[in-house]
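Working notes, structure below.
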Amino acid sequence: MSVVQELERFGHHLILGISGTTLSDNDKRALSELKPVGVIFFAKNFLDGTPYEFWVESFKQLNDQIRQYAERQSMFMTLDHEGGRVIRTPLPITRFPYAFLWRSHSREVAKATAKELKSLGINLSWAPVADIFSHPDNPVIGPRAFGSTPESAAQGVSDYYLGLQESGIVGCAKHFPGHGDTSKDSHIELPILNLTLEDLRIREFVPFKTLIKAQIPLIMTAHILFPKIDPDVPATLSKAILKKILREELGFEGVVVSDDLDMKAVSDMFTNSGTVARAFHAGCDLFIVSRNINSSSLERTYKIAEDFIDSLKKGSLDESVVDAAKHRIEKLLAVTPQYSVETLNKNTLEEHAKLAIACSFH
């Protein structure tokens with residue numbers, strides 16, 4: 001197998017960030033050599049401060065180029081699009097408030113959001129947040145969660161996911177096994193939660209169990225250390241958490257995706273050889289490398305890809321584990337719609353704006 005073919009093998013498990021509103025030479029190289037199964041967009045990929053028709057046309061060209069260089073007709077075109085502070089798109093795409101404020105509107109918001117995402121060619125939303133707003137000083141989750149109790153969070157995520165599903169957008173529950181009780185931000189450092197498995201069963205698992213029952217196809221890991229469950233590694237690398245609990249105890253059969261490997265909580269670990277193999281063996285199928293936090297360079301992305309290849313060659317990464325992961329990803333991709341980019345009419349966007357205002361009043 002040639003080096004290029006080997007790199008492509010990692011691409012089957014990669015969601016990659018793009019550096020700007022047009023493809024750089026590095027982007028073109030990564031797309032054509034790694035052929036990632038998906039991309040993740042951020043604010044830097046949209047031409048802000050320009051008329052709607054103008055930035056949509058620019059984004060359409062970017063979408064078309066991505067598929068052209070990746071040589072893939074079917075891809076996961078993804079976005080973190082939650083509401084509150086987690087919105088990447090320029091106006092007039094609706095600024096919904098935080099999920100905590102939606103309450104009875106969750107399903108309506110999801111349907112409106114789905115319509116807007118589809119118009120941007122997006123087919124996978126990294127939402128809903130299935131964490132619970134249980135720690136008042138949580139710097140990273142807080143009102144991104146749908147509720148402060150297991151029951152309210154479970155109801156909100158269930159309604160939201162059903163709205164996405166009915167409207168043709170793939171949803172993803174995050175961040176397993178629960179990020180709501182942390183006082184540290186995993187973008188900056190590794191949070192540690194001294195919760196027992198029983199604590200998680202009573203509280204954190206409840207919204208995830210609801211979504212698993214509703215057959216949500218993707219669950220994202222949390223870059224958090226749970227010493228009472230696995231003292232050695234964060235959830236993203238933990239067989240005890242992903243395999244024993246998520247797969248076996250909770251019965252999740254879909255795709256397990258890592259949170260962004262560029263986040264400081266795990267970024268250094270993934271420069272060490274053998275880490276990507278450990279993540280696969282723990283239960284991860286798909287990996288996000290956003291190129292948005294530490295650096296837009298490709299060095300880290302290629303280092304992880306090369307570590308993946310080396311681990312397969314040495315036999316420290318089991319071929320059957322990789323094949324099973326690839327099968328789960330391909331099964332999901334086969335039923336993921338592919339959308340073209342187009343503008344929405346003014347009336348639709350005005351209706352969505354009214355809904356956003358309605359969510360802000362109780």
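Letters A, B, ... go to the chains of the structure tokens in the order shown; residues in each chain start at 1; ligands are counted from 1 in the same order.
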I need the residues of segment 248-290 of chain A that end up classed as strand (DSSP E) by DSSP on the backbone, written out as a PDB file with N, CA and C atoms, in the first residue's frame.
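For reference, selection_4.pdb as written:
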```pdb
ATOM      1  N   VAL A 255     -21.931   5.861  16.034  1.00  0.00           N
ATOM      2  CA  VAL A 255     -20.554   6.333  15.860  1.00  0.00           C
ATOM      3  C   VAL A 255     -20.126   7.147  17.083  1.00  0.00           C
ATOM      4  N   VAL A 256     -18.964   6.794  17.634  1.00  0.00           N
ATOM      5  CA  VAL A 256     -18.380   7.576  18.732  1.00  0.00           C
ATOM      6  C   VAL A 256     -17.336   8.505  18.118  1.00  0.00           C
ATOM      7  N   VAL A 257     -17.518   9.809  18.346  1.00  0.00           N
ATOM      8  CA  VAL A 257     -16.611  10.811  17.775  1.00  0.00           C
ATOM      9  C   VAL A 257     -15.881  11.524  18.910  1.00  0.00           C
ATOM     10  N   PHE A 287     -12.563  11.180  14.466  1.00  0.00           N
ATOM     11  CA  PHE A 287     -11.759  12.168  15.186  1.00  0.00           C
ATOM     12  C   PHE A 287     -11.887  13.545  14.552  1.00  0.00           C
ATOM     13  N   ILE A 288     -12.097  14.549  15.383  1.00  0.00           N
ATOM     14  CA  ILE A 288     -12.149  15.938  14.905  1.00  0.00           C
ATOM     15  C   ILE A 288     -10.786  16.586  15.129  1.00  0.00           C
ATOM     16  N   VAL A 289     -10.215  17.149  14.060  1.00  0.00           N
ATOM     17  CA  VAL A 289      -9.013  17.983  14.189  1.00  0.00           C
ATOM     18  C   VAL A 289      -9.368  19.320  13.528  1.00  0.00           C
TER      19      VAL A 289
END
```
Would you kindly return, as JSON, numbers by chain, each protein, DNA or RNA residue with an atom no farther than 7 Å from any atom of segment 110-114 of chain A, considering only C-alpha atoms and excluding same-chain residues fewer than 2 positions away? {"A": [106, 107, 108, 116, 117, 118, 160, 163, 164, 167, 169, 352]}
With C-alpha atoms retained, could you export that selection as a CSV table (one decimal), in the first residue's frame?
```csv
chain,number,residue,atom,x,y,z
A,106,SER,CA,-36.9,23.1,21.5
A,107,ARG,CA,-38.5,21.1,18.7
A,108,GLU,CA,-39.5,24.3,16.8
A,116,GLU,CA,-31.1,27.1,7.8
A,117,LEU,CA,-28.3,24.5,8.1
A,118,LYS,CA,-29.5,22.7,5.0
A,160,TYR,CA,-34.4,19.1,19.9
A,163,GLY,CA,-36.7,18.2,15.4
A,164,LEU,CA,-33.4,17.8,13.7
A,167,SER,CA,-35.9,17.9,9.2
A,169,ILE,CA,-30.1,16.9,9.8
A,352,HIS,CA,-37.3,32.2,12.6
```
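The list of residues with at least one atom within 12 Å of Lys244 of chain A, based on only C-alpha atoms and without residues fewer than 3 positions apart in the same chain, reads A:Leu197, A:Ile229, A:Asp230, A:Ala235, A:Ser238, A:Lys239, A:Ala240, A:Ile241, A:Arg247, A:Glu248, A:Glu249, A:Leu250, A:Gly251, A:Phe252, A:His281, A:Ala282, A:Gly283.
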Could you pull out all residues of segment 111-225 of chain A with a DSSP call of alpha helix (DSSP H) and give them as an MDAnalysis selection string? chainID A and resid 111:119 150:166 197:202 205:213
Counting only C-alpha atoms, what is within 10 Å of Leu79 of chain A, bar same-chain residues fewer than 4 positions away, as a PyMOL selection string? chain A and resi 39-43+86-89+117+122-127
Serialized selection, C-alpha atoms, as an mmCIF file, in the first residue's frame:
```cif
data_model
loop_
_atom_site.group_PDB
_atom_site.id
_atom_site.type_symbol
_atom_site.label_atom_id
_atom_site.label_comp_id
_atom_site.auth_asym_id
_atom_site.auth_seq_id
_atom_site.Cartn_x
_atom_site.Cartn_y
_atom_site.Cartn_z
ATOM 1 C CA VAL A 39 -15.097 18.867 7.487
ATOM 2 C CA ILE A 40 -15.961 21.174 10.378
ATOM 3 C CA PHE A 41 -16.660 24.847 9.700
ATOM 4 C CA PHE A 42 -16.031 27.845 11.952
ATOM 5 C CA ALA A 43 -16.666 31.600 11.744
ATOM 6 C CA VAL A 86 -21.954 28.903 19.838
ATOM 7 C CA ILE A 87 -22.978 30.297 16.446
ATOM 8 C CA ARG A 88 -20.443 30.546 13.627
ATOM 9 C CA THR A 89 -22.570 31.890 10.783
ATOM 10 C CA LEU A 117 -28.273 24.542 8.089
ATOM 11 C CA ILE A 122 -24.626 21.407 6.319
ATOM 12 C CA ASN A 123 -25.887 17.897 7.044
ATOM 13 C CA LEU A 124 -24.476 17.260 10.538
ATOM 14 C CA SER A 125 -24.886 19.526 13.545
ATOM 15 C CA TRP A 126 -22.701 18.967 16.614
ATOM 16 C CA ALA A 127 -25.778 19.258 18.814
#
```
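Atom to atom, atom CA of Gly315 of chain A and atom CA of Arg278 of chain A stand 12.3 Å apart.
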Long-range neighbours of segment 206-221 of chain A as a count of residues only, 8 Å cut-off, only C-alpha atoms, 6 positions minimum in chain: 31
Find the spatial neighbours of Tyr52 of chain A, counting only C-alpha atoms, within a cut-off of 8 Å - ignore same-chain residues fewer than 6 positions away - and output them as JSON, numbers by chain. {"A": [91, 92, 343]}
